[in-house]
$ cat data-v4.pdb   # PDB, C-alpha atoms
ATOM      1  CA  MET H   1     150.241 207.857 -44.724
ATOM      2  CA  ALA H   2     152.630 204.989 -44.125
ATOM      3  CA  ASP H   3     151.136 201.736 -42.829
ATOM      4  CA  PHE H   4     152.927 199.405 -40.408
ATOM      5  CA  PHE H   5     151.317 196.411 -42.079
ATOM      6  CA  PRO H   6     153.733 194.832 -44.630
ATOM      7  CA  ASN H   7     152.594 195.019 -48.253
ATOM      8  CA  THR H   8     154.582 192.075 -49.639
ATOM      9  CA  LEU H   9     154.084 188.434 -48.743
ATOM     10  CA  PRO H  10     157.649 187.620 -47.529
ATOM     11  CA  LYS H  11     157.675 190.652 -45.229
ATOM     12  CA  PHE H  12     154.164 189.843 -44.055
ATOM     13  CA  THR H  13     155.027 186.279 -43.002
ATOM     14  CA  ASP H  14     158.158 187.509 -41.203
ATOM     15  CA  TRP H  15     156.041 190.118 -39.425
ATOM     16  CA  VAL H  16     153.463 187.546 -38.321
ATOM     17  CA  GLY H  17     156.209 185.335 -36.918
ATOM     18  CA  LEU H  18     157.560 188.316 -34.986
ATOM     19  CA  GLN H  19     154.140 188.896 -33.405
ATOM     20  CA  THR H  20     154.043 185.304 -32.207
ATOM     21  CA  ARG H  21     157.465 185.631 -30.585
ATOM     22  CA  LYS H  22     157.036 189.096 -29.067
ATOM     23  CA  ARG H  23     153.424 188.977 -27.857
ATOM     24  CA  PRO H  24     154.112 186.917 -24.695
ATOM     25  CA  ASP H  25     156.894 189.349 -23.699
ATOM     26  CA  TYR H  26     154.478 192.294 -23.701
ATOM     27  CA  ALA H  27     151.274 190.508 -22.676
ATOM     28  CA  LYS H  28     151.240 191.929 -19.141
ATOM     29  CA  ALA H  29     152.031 195.477 -20.264
ATOM     30  CA  LEU H  30     149.309 195.309 -22.923
ATOM     31  CA  GLY H  31     146.718 193.729 -20.649
ATOM     32  CA  LEU H  32     146.488 190.465 -22.538
ATOM     33  CA  THR H  33     145.306 187.334 -20.749
ATOM     34  CA  PRO H  34     146.999 183.974 -21.375
ATOM     35  CA  GLU H  35     143.869 182.923 -23.259
ATOM     36  CA  GLU H  36     144.098 185.970 -25.524
ATOM     37  CA  VAL H  37     147.791 185.342 -26.156
ATOM     38  CA  ASN H  38     147.029 181.736 -27.125
ATOM     39  CA  ALA H  39     144.103 182.782 -29.326
ATOM     40  CA  ARG H  40     146.201 185.308 -31.228
ATOM     41  CA  ALA H  41     149.041 182.815 -31.591
ATOM     42  CA  ALA H  42     146.531 180.408 -33.132
ATOM     43  CA  ALA H  43     145.452 183.154 -35.562
ATOM     44  CA  ASP H  44     149.119 183.728 -36.458
ATOM     45  CA  ALA H  45     149.593 180.029 -37.116
ATOM     46  CA  ALA H  46     146.419 179.832 -39.219
ATOM     47  CA  VAL H  47     147.371 182.688 -41.539
ATOM     48  CA  LEU H  48     150.925 181.358 -41.921
ATOM     49  CA  GLN H  49     149.546 177.927 -42.788
ATOM     50  CA  ALA H  50     147.265 179.544 -45.372
ATOM     51  CA  THR H  51     150.252 181.240 -47.039
ATOM     52  CA  THR H  52     152.176 177.954 -47.038
ATOM     53  CA  ASP H  53     149.219 176.097 -48.566
ATOM     54  CA  ALA H  54     148.883 178.753 -51.269
ATOM     55  CA  ALA H  55     152.610 178.596 -52.080
ATOM     56  CA  ASP H  56     152.406 174.799 -52.367
ATOM     57  CA  ALA H  57     149.356 175.098 -54.633
ATOM     58  CA  LEU H  58     151.142 177.616 -56.881
ATOM     59  CA  ALA H  59     154.181 175.353 -57.169
ATOM     60  CA  THR H  60     151.960 172.385 -58.002
ATOM     61  CA  SER H  61     150.006 174.435 -60.528
ATOM     62  CA  ALA H  62     153.171 175.675 -62.252
ATOM     63  CA  ALA H  63     154.455 172.095 -62.442
ATOM     64  CA  LYS H  64     151.162 170.912 -63.945
ATOM     65  CA  VAL H  65     151.212 173.704 -66.537
ATOM     66  CA  ALA H  66     154.762 172.742 -67.497
ATOM     67  CA  ALA H  67     153.753 169.064 -67.713
ATOM     68  CA  ARG H  68     150.750 170.011 -69.865
ATOM     69  CA  ASP H  69     152.894 172.001 -72.290
ATOM     70  CA  LYS H  70     155.418 169.153 -72.540
ATOM     71  CA  ALA H  71     152.634 166.652 -73.211
ATOM     72  CA  ILE H  72     151.180 168.904 -75.920
ATOM     73  CA  ARG H  73     154.588 169.308 -77.592
ATOM     74  CA  THR H  74     155.157 165.546 -77.566
ATOM     75  CA  TYR H  75     151.666 164.869 -78.892
ATOM     76  CA  GLU H  76     152.037 167.496 -81.618
ATOM     77  CA  THR H  77     155.363 166.052 -82.813
ATOM     78  CA  GLN H  78     153.967 162.505 -82.914
ATOM     79  CA  THR H  79     150.712 163.530 -84.568
ATOM     80  CA  ARG H  80     152.415 165.590 -87.268
ATOM     81  CA  ALA H  81     154.511 162.534 -88.163
ATOM     82  CA  GLU H  82     151.433 160.276 -88.189
ATOM     83  CA  VAL H  83     149.434 162.682 -90.372
ATOM     84  CA  ALA H  84     152.358 163.052 -92.777
ATOM     85  CA  ARG H  85     152.527 159.253 -93.073
ATOM     86  CA  ALA H  86     148.740 159.005 -93.528
ATOM     87  CA  LYS H  87     148.897 161.427 -96.441
ATOM     88  CA  THR H  88     151.193 158.978 -98.281
ATOM     89  CA  ALA H  89     148.767 156.042 -97.872
ATOM     90  CA  PRO H  90     147.290 154.633-101.120
ATOM     91  CA  GLY H  91     143.745 155.328 -99.984
ATOM     92  CA  TYR H  92     144.325 158.887 -98.814
ATOM     93  CA  THR H  93     142.275 161.556-100.556
ATOM     94  CA  GLU H  94     141.917 165.303-100.203
ATOM     95  CA  ALA H  95     138.375 164.681 -98.959
ATOM     96  CA  ILE H  96     139.797 162.692 -96.027
ATOM     97  CA  GLY H  97     142.274 165.459 -95.314
ATOM     98  CA  LYS H  98     139.513 168.063 -95.282
ATOM     99  CA  ASP H  99     137.208 165.937 -93.141
ATOM    100  CA  CYS H 100     139.966 165.381 -90.549
ATOM    101  CA  GLN H 101     141.095 169.021 -90.780
ATOM    102  CA  TRP H 102     144.595 168.057 -91.864
ATOM    103  CA  LEU H 103     144.758 170.660 -94.646
ATOM    104  CA  VAL H 104     145.680 174.319 -94.384
ATOM    105  CA  THR H 105     143.921 176.858 -96.531
ATOM    106  CA  PRO H 106     146.683 179.072 -97.898
ATOM    107  CA  GLY H 107     146.379 182.791 -97.413
ATOM    108  CA  GLU H 108     148.639 185.774 -97.402
ATOM    109  CA  THR H 109     149.582 187.366 -94.101
ATOM    110  CA  ASP H 110     149.998 191.116 -93.973
ATOM    111  CA  PHE H 111     152.844 191.467 -91.476
ATOM    112  CA  ALA H 112     152.521 195.247 -91.564
ATOM    113  CA  THR H 113     149.171 194.987 -89.783
ATOM    114  CA  LEU H 114     149.608 191.642 -87.984
ATOM    115  CA  ARG H 115     149.272 192.303 -84.250
ATOM    116  CA  PRO H 116     148.346 190.045 -81.324
ATOM    117  CA  SER H 117     145.727 190.965 -78.771
ATOM    118  CA  LEU H 118     146.558 190.812 -75.061
ATOM    119  CA  GLU H 119     144.254 190.599 -72.043
ATOM    120  CA  ILE H 120     145.316 190.114 -68.416
ATOM    121  CA  ARG H 121     143.342 188.934 -65.410
ATOM    122  CA  ASP H 122     144.291 187.903 -61.898
ATOM    123  CA  SER H 123     143.922 184.354 -60.579
ATOM    124  CA  ALA H 124     144.995 182.241 -57.622
ATOM    125  CA  GLU H 125     147.879 180.933 -59.757
ATOM    126  CA  GLY H 126     149.137 184.365 -60.831
ATOM    127  CA  LEU H 127     148.447 186.884 -63.583
ATOM    128  CA  VAL H 128     146.864 185.154 -66.589
ATOM    129  CA  LEU H 129     147.902 186.597 -69.976
ATOM    130  CA  LYS H 130     145.503 185.632 -72.753
ATOM    131  CA  TRP H 131     146.856 186.413 -76.214
ATOM    132  CA  SER H 132     146.053 185.680 -79.843
ATOM    133  CA  LYS H 133     148.419 183.471 -81.828
ATOM    134  CA  ASN H 134     147.363 184.815 -85.252
ATOM    135  CA  GLY H 135     148.635 181.701 -87.024
ATOM    136  CA  GLN H 136     152.221 182.124 -85.787
ATOM    137  CA  ASP H 137     154.396 179.845 -83.632
ATOM    138  CA  GLY H 138     153.811 181.715 -80.366
ATOM    139  CA  VAL H 139     154.810 184.867 -78.540
ATOM    140  CA  GLN H 140     157.625 186.303 -76.526
ATOM    141  CA  VAL H 141     156.362 187.783 -73.252
ATOM    142  CA  PHE H 142     157.887 190.960 -71.834
ATOM    143  CA  ARG H 143     157.342 192.542 -68.400
ATOM    144  CA  ARG H 144     158.584 195.637 -66.599
ATOM    145  CA  ALA H 145     157.672 197.591 -63.487
ATOM    146  CA  ALA H 146     155.301 200.446 -64.293
ATOM    147  CA  GLY H 147     157.286 203.595 -64.980
ATOM    148  CA  ALA H 148     160.492 201.759 -65.934
ATOM    149  CA  LYS H 149     162.086 202.878 -69.217
ATOM    150  CA  GLU H 150     163.593 199.551 -70.294
ATOM    151  CA  TRP H 151     161.907 196.186 -70.773
ATOM    152  CA  GLY H 152     165.003 194.137 -70.065
ATOM    153  CA  HIS H 153     165.217 190.486 -71.046
ATOM    154  CA  MET H 154     162.319 188.477 -72.410
ATOM    155  CA  LEU H 155     160.248 186.959 -69.596
ATOM    156  CA  ALA H 156     159.202 183.841 -71.510
ATOM    157  CA  PHE H 157     158.311 182.267 -74.844
ATOM    158  CA  ASP H 158     154.895 180.645 -74.949
ATOM    159  CA  SER H 159     153.387 178.641 -77.775
ATOM    160  CA  ARG H 160     149.881 178.314 -76.359
ATOM    161  CA  SER H 161     147.674 180.926 -74.711
ATOM    162  CA  PRO H 162     147.276 181.657 -71.868
ATOM    163  CA  TYR H 163     150.642 182.354 -70.251
ATOM    164  CA  ILE H 164     150.541 182.516 -66.431
ATOM    165  CA  ASP H 165     153.068 184.684 -64.609
ATOM    166  CA  THR H 166     153.496 182.695 -61.395
ATOM    167  CA  GLU H 167     156.533 184.584 -60.103
ATOM    168  CA  THR H 168     156.217 185.408 -56.403
ATOM    169  CA  GLY H 169     157.530 188.370 -54.430
ATOM    170  CA  LEU H 170     156.207 190.981 -56.878
ATOM    171  CA  SER H 171     154.015 193.819 -55.641
ATOM    172  CA  GLY H 172     152.525 196.841 -57.359
ATOM    173  CA  SER H 173     151.837 197.802 -60.966
ATOM    174  CA  PHE H 174     153.611 196.071 -63.866
ATOM    175  CA  GLU H 175     153.316 196.370 -67.639
ATOM    176  CA  TYR H 176     153.288 193.571 -70.218
ATOM    177  CA  TYR H 177     153.351 193.145 -73.973
ATOM    178  CA  VAL H 178     153.735 190.157 -76.294
ATOM    179  CA  GLN H 179     155.525 189.829 -79.639
ATOM    180  CA  LEU H 180     154.503 187.243 -82.234
ATOM    181  CA  MET H 181     157.224 184.792 -83.304
ATOM    182  CA  LYS H 182     157.608 182.658 -86.443
ATOM    183  CA  ASP H 183     160.582 180.359 -87.037
ATOM    184  CA  ASP H 184     162.426 181.986 -84.104
ATOM    185  CA  ARG H 185     161.968 185.475 -85.575
ATOM    186  CA  PRO H 186     159.692 188.303 -84.411
ATOM    187  CA  VAL H 187     156.952 189.043 -86.940
ATOM    188  CA  GLY H 188     154.304 191.720 -87.171
ATOM    189  CA  GLN H 189     153.697 194.407 -84.593
ATOM    190  CA  ALA H 190     153.942 194.120 -80.822
ATOM    191  CA  SER H 191     150.706 194.001 -78.848
ATOM    192  CA  ASP H 192     149.401 196.949 -76.887
ATOM    193  CA  ILE H 193     151.049 197.449 -73.495
ATOM    194  CA  VAL H 194     148.727 196.245 -70.746
ATOM    195  CA  ALA H 195     149.131 197.146 -67.071
ATOM    196  CA  ALA H 196     148.234 194.804 -64.213
ATOM    197  CA  MET H 197     148.704 194.663 -60.440
ATOM    198  CA  HIS H 198     150.766 192.060 -58.634
ATOM    199  CA  GLY H 199     149.449 191.494 -55.129
ATOM    200  CA  GLY H 200     152.716 190.514 -53.429
ATOM    201  CA  ARG H 201     152.210 186.735 -53.403
TER     202      ARG H 201
END
$ encode --input "data-v4.pdb" --output "structure tokens"
Amino acid sequence: MADFFPNTLPKFTDWVGLQTRKRPDYAKALGLTPEEVNARAAADAAVLQATTDAADALATSAAKVAARDKAIRTYETQTRAEVARAKTAPGYTEAIGKDCQWLVTPGETDFATLRPSLEIRDSAEGLVLKWSKNGQDGVQVFRRAAGAKEWGHMLAFDSRSPYIDTETGLSGSFEYYVQLMKDDRPVGQASDIVAAMHGGR
């Protein structure tokens, strides 16, 4: 049975604003006192403020995540250069490299069986995709509406788990998978497809 209550956030906030504007016009016909009209208008304002606060928090969170990733990339570039220089110092030994965890133990990767894991949970910031890097550079993230045949364009590239899908205005069931990347090329097998619900933020 259809419900008059909007199921997406933009439509919901528009609907709440409409109630605030229309309620005084019909107060007498609906038997509402001035006090009741004012009380319901205050409830309208409170829920709209809550949606605004949440939107501001999401924007701030997304900006902080982006700033974190930029800081990590900068730190990684600088540290790689510093470690490379340290390895050329006269006093450098393999024991120092091992103790500081600057050495990589070589091993063969079986790309035929290499496959990332993928788990999704909801959060106040958005859907949180936790994936395994498996020693590669990162993953491409793909998303589609449940039931769609095509995946379309890549949603994002992420070099550090988790990836948070903060896009607003989505509602209903969506499917995700991630593909490992090495040197700008896909490697191994794609992850399992995982379904998750967007709540219409």
$ residues_around --input "data-v4.pdb" --residues "range 120-136 of chain H" --least-positions-apart "4" --cutoff "6 Å" --atoms "all atoms listed in the file" --output "PyMOL selection string"
chain H and resi 58+116+161-166+182
$ residues_around --input "data-v4.pdb" --residues "range 7-19 of chain H" --least-positions-apart "5" --cutoff "12 Å" --atoms "all atoms listed in the file" --output "ChimeraX atom specification"
/H:2,24-27,37-38,40-52,54-55,168-172,198-201
$ axis_aligned_box --input "data-v4.pdb" --around "range 41-58 of chain H" --padding-each-side "3 Å" --output "AutoDock Vina command-line options"
--center_x 149.0 --center_y 179.3 --center_z -44.2 --size_x 13.2 --size_y 14.9 --size_z 31.3
$ closest_residue --input "data-v4.pdb" --among "H:Ala195, H:Ala39, H:Ala81, H:Val178" --to "Arg23 in chain H" --atoms "all atoms listed in the file"
H:Ala39
$ closest_residue --input "data-v4.pdb" --among "H:Val139, H:Val83, H:Leu103, H:Ile72" --to "Pro186 in chain H" --atoms "all atoms listed in the file"
H:Val139
$ closest_residue --input "data-v4.pdb" --among "H:Arg185, H:Arg143, H:Arg85, H:Lys149" --to "Met197 in chain H" --atoms "only C-alpha atoms"
H:Arg143
$ atom_distance --input "data-v4.pdb" --atom1 "CA of Tyr176 in chain H" --atom2 "CA of Val194 in chain H"
5.3 Å
$ closest_residue --input "data-v4.pdb" --among "H:Gln189, H:Thr88, H:Thr79, H:Thr33" --to "Phe111 in chain H" --atoms "all atoms listed in the file"
H:Gln189
$ closest_residue --input "data-v4.pdb" --among "H:Ala112, H:Ala86, H:Ala62, H:Leu118" --to "Ala196 in chain H" --atoms "all atoms listed in the file"
H:Leu118
$ build_atoms --input "data-v4.pdb" --residues "range 152-163 of chain H" --atoms "all heavy atoms" --output "CSV table (one decimal), keeping the file's coordinate frame"
chain,number,residue,atom,x,y,z
H,152,GLY,N,164.1,195.2,-70.5
H,152,GLY,CA,165.0,194.1,-70.1
H,152,GLY,C,164.9,192.9,-70.9
H,152,GLY,O,164.4,192.9,-72.0
H,153,HIS,N,165.2,191.8,-70.3
H,153,HIS,CA,165.2,190.5,-71.0
H,153,HIS,C,163.8,190.0,-71.2
H,153,HIS,O,162.9,190.3,-70.4
H,153,HIS,CB,166.1,189.4,-70.3
H,153,HIS,CG,167.5,189.8,-70.3
H,153,HIS,ND1,168.3,189.9,-71.4
H,153,HIS,CD2,168.3,190.1,-69.2
H,153,HIS,CE1,169.6,190.3,-71.0
H,153,HIS,NE2,169.6,190.4,-69.7
H,154,MET,N,163.6,189.1,-72.2
H,154,MET,CA,162.3,188.5,-72.4
H,154,MET,C,162.0,187.7,-71.2
H,154,MET,O,162.8,187.0,-70.6
H,154,MET,CB,162.4,187.6,-73.6
H,154,MET,CG,161.2,186.7,-73.9
H,154,MET,SD,161.4,185.5,-75.2
H,154,MET,CE,162.7,184.5,-74.6
H,155,LEU,N,160.7,187.7,-70.8
H,155,LEU,CA,160.2,187.0,-69.6
H,155,LEU,C,160.1,185.5,-70.0
H,155,LEU,O,160.5,184.6,-69.2
H,155,LEU,CB,158.9,187.5,-69.1
H,155,LEU,CG,158.3,186.8,-67.9
H,155,LEU,CD1,159.2,186.9,-66.7
H,155,LEU,CD2,156.9,187.5,-67.6
H,156,ALA,N,159.5,185.2,-71.1
H,156,ALA,CA,159.2,183.8,-71.5
H,156,ALA,C,158.8,183.8,-73.0
H,156,ALA,O,158.4,184.8,-73.6
H,156,ALA,CB,158.1,183.3,-70.7
H,157,PHE,N,158.9,182.6,-73.6
H,157,PHE,CA,158.3,182.3,-74.8
H,157,PHE,C,157.2,181.3,-74.6
H,157,PHE,O,157.3,180.3,-73.8
H,157,PHE,CB,159.3,181.6,-75.8
H,157,PHE,CG,158.6,181.1,-77.1
H,157,PHE,CD1,158.3,182.0,-78.1
H,157,PHE,CD2,158.3,179.8,-77.2
H,157,PHE,CE1,157.7,181.5,-79.3
H,157,PHE,CE2,157.6,179.3,-78.3
H,157,PHE,CZ,157.3,180.2,-79.4
H,158,ASP,N,156.0,181.5,-75.2
H,158,ASP,CA,154.9,180.6,-74.9
H,158,ASP,C,154.3,180.3,-76.3
H,158,ASP,O,154.1,181.2,-77.1
H,158,ASP,CB,153.9,181.3,-74.0
H,158,ASP,CG,152.9,180.3,-73.4
H,158,ASP,OD1,153.2,179.1,-73.5
H,158,ASP,OD2,151.9,180.7,-72.9
H,159,SER,N,154.0,179.1,-76.5
H,159,SER,CA,153.4,178.6,-77.8
H,159,SER,C,151.9,178.5,-77.7
H,159,SER,O,151.2,178.3,-78.7
H,159,SER,CB,154.0,177.3,-78.2
H,159,SER,OG,153.8,176.3,-77.3
H,160,ARG,N,151.3,178.5,-76.5
H,160,ARG,CA,149.9,178.3,-76.4
H,160,ARG,C,149.3,179.2,-75.3
H,160,ARG,O,149.8,179.2,-74.2
H,160,ARG,CB,149.5,176.9,-76.0
H,160,ARG,CG,149.9,175.9,-77.1
H,160,ARG,CD,149.5,174.5,-76.8
H,160,ARG,NE,149.9,173.6,-77.8
H,160,ARG,CZ,149.2,173.3,-78.9
H,160,ARG,NH1,148.1,173.9,-79.2
H,160,ARG,NH2,149.7,172.5,-79.9
H,161,SER,N,148.3,180.0,-75.7
H,161,SER,CA,147.7,180.9,-74.7
H,161,SER,C,146.8,180.1,-73.8
H,161,SER,O,146.2,179.1,-74.2
H,161,SER,CB,146.8,181.9,-75.5
H,161,SER,OG,146.2,182.8,-74.6
H,162,PRO,N,146.7,180.5,-72.5
H,162,PRO,CA,147.3,181.7,-71.9
H,162,PRO,C,148.6,181.4,-71.3
H,162,PRO,O,149.0,180.2,-71.0
H,162,PRO,CB,146.3,182.0,-70.8
H,162,PRO,CG,145.8,180.7,-70.3
H,162,PRO,CD,145.7,179.8,-71.6
H,163,TYR,N,149.4,182.4,-71.0
H,163,TYR,CA,150.6,182.4,-70.3
H,163,TYR,C,150.3,182.8,-68.8
H,163,TYR,O,149.6,183.8,-68.7
H,163,TYR,CB,151.7,183.2,-70.9
H,163,TYR,CG,152.9,183.4,-70.0
H,163,TYR,CD1,153.9,182.3,-69.9
H,163,TYR,CD2,153.1,184.5,-69.2
H,163,TYR,CE1,155.0,182.4,-69.1
H,163,TYR,CE2,154.2,184.6,-68.4
H,163,TYR,CZ,155.2,183.6,-68.3
H,163,TYR,OH,156.2,183.7,-67.5
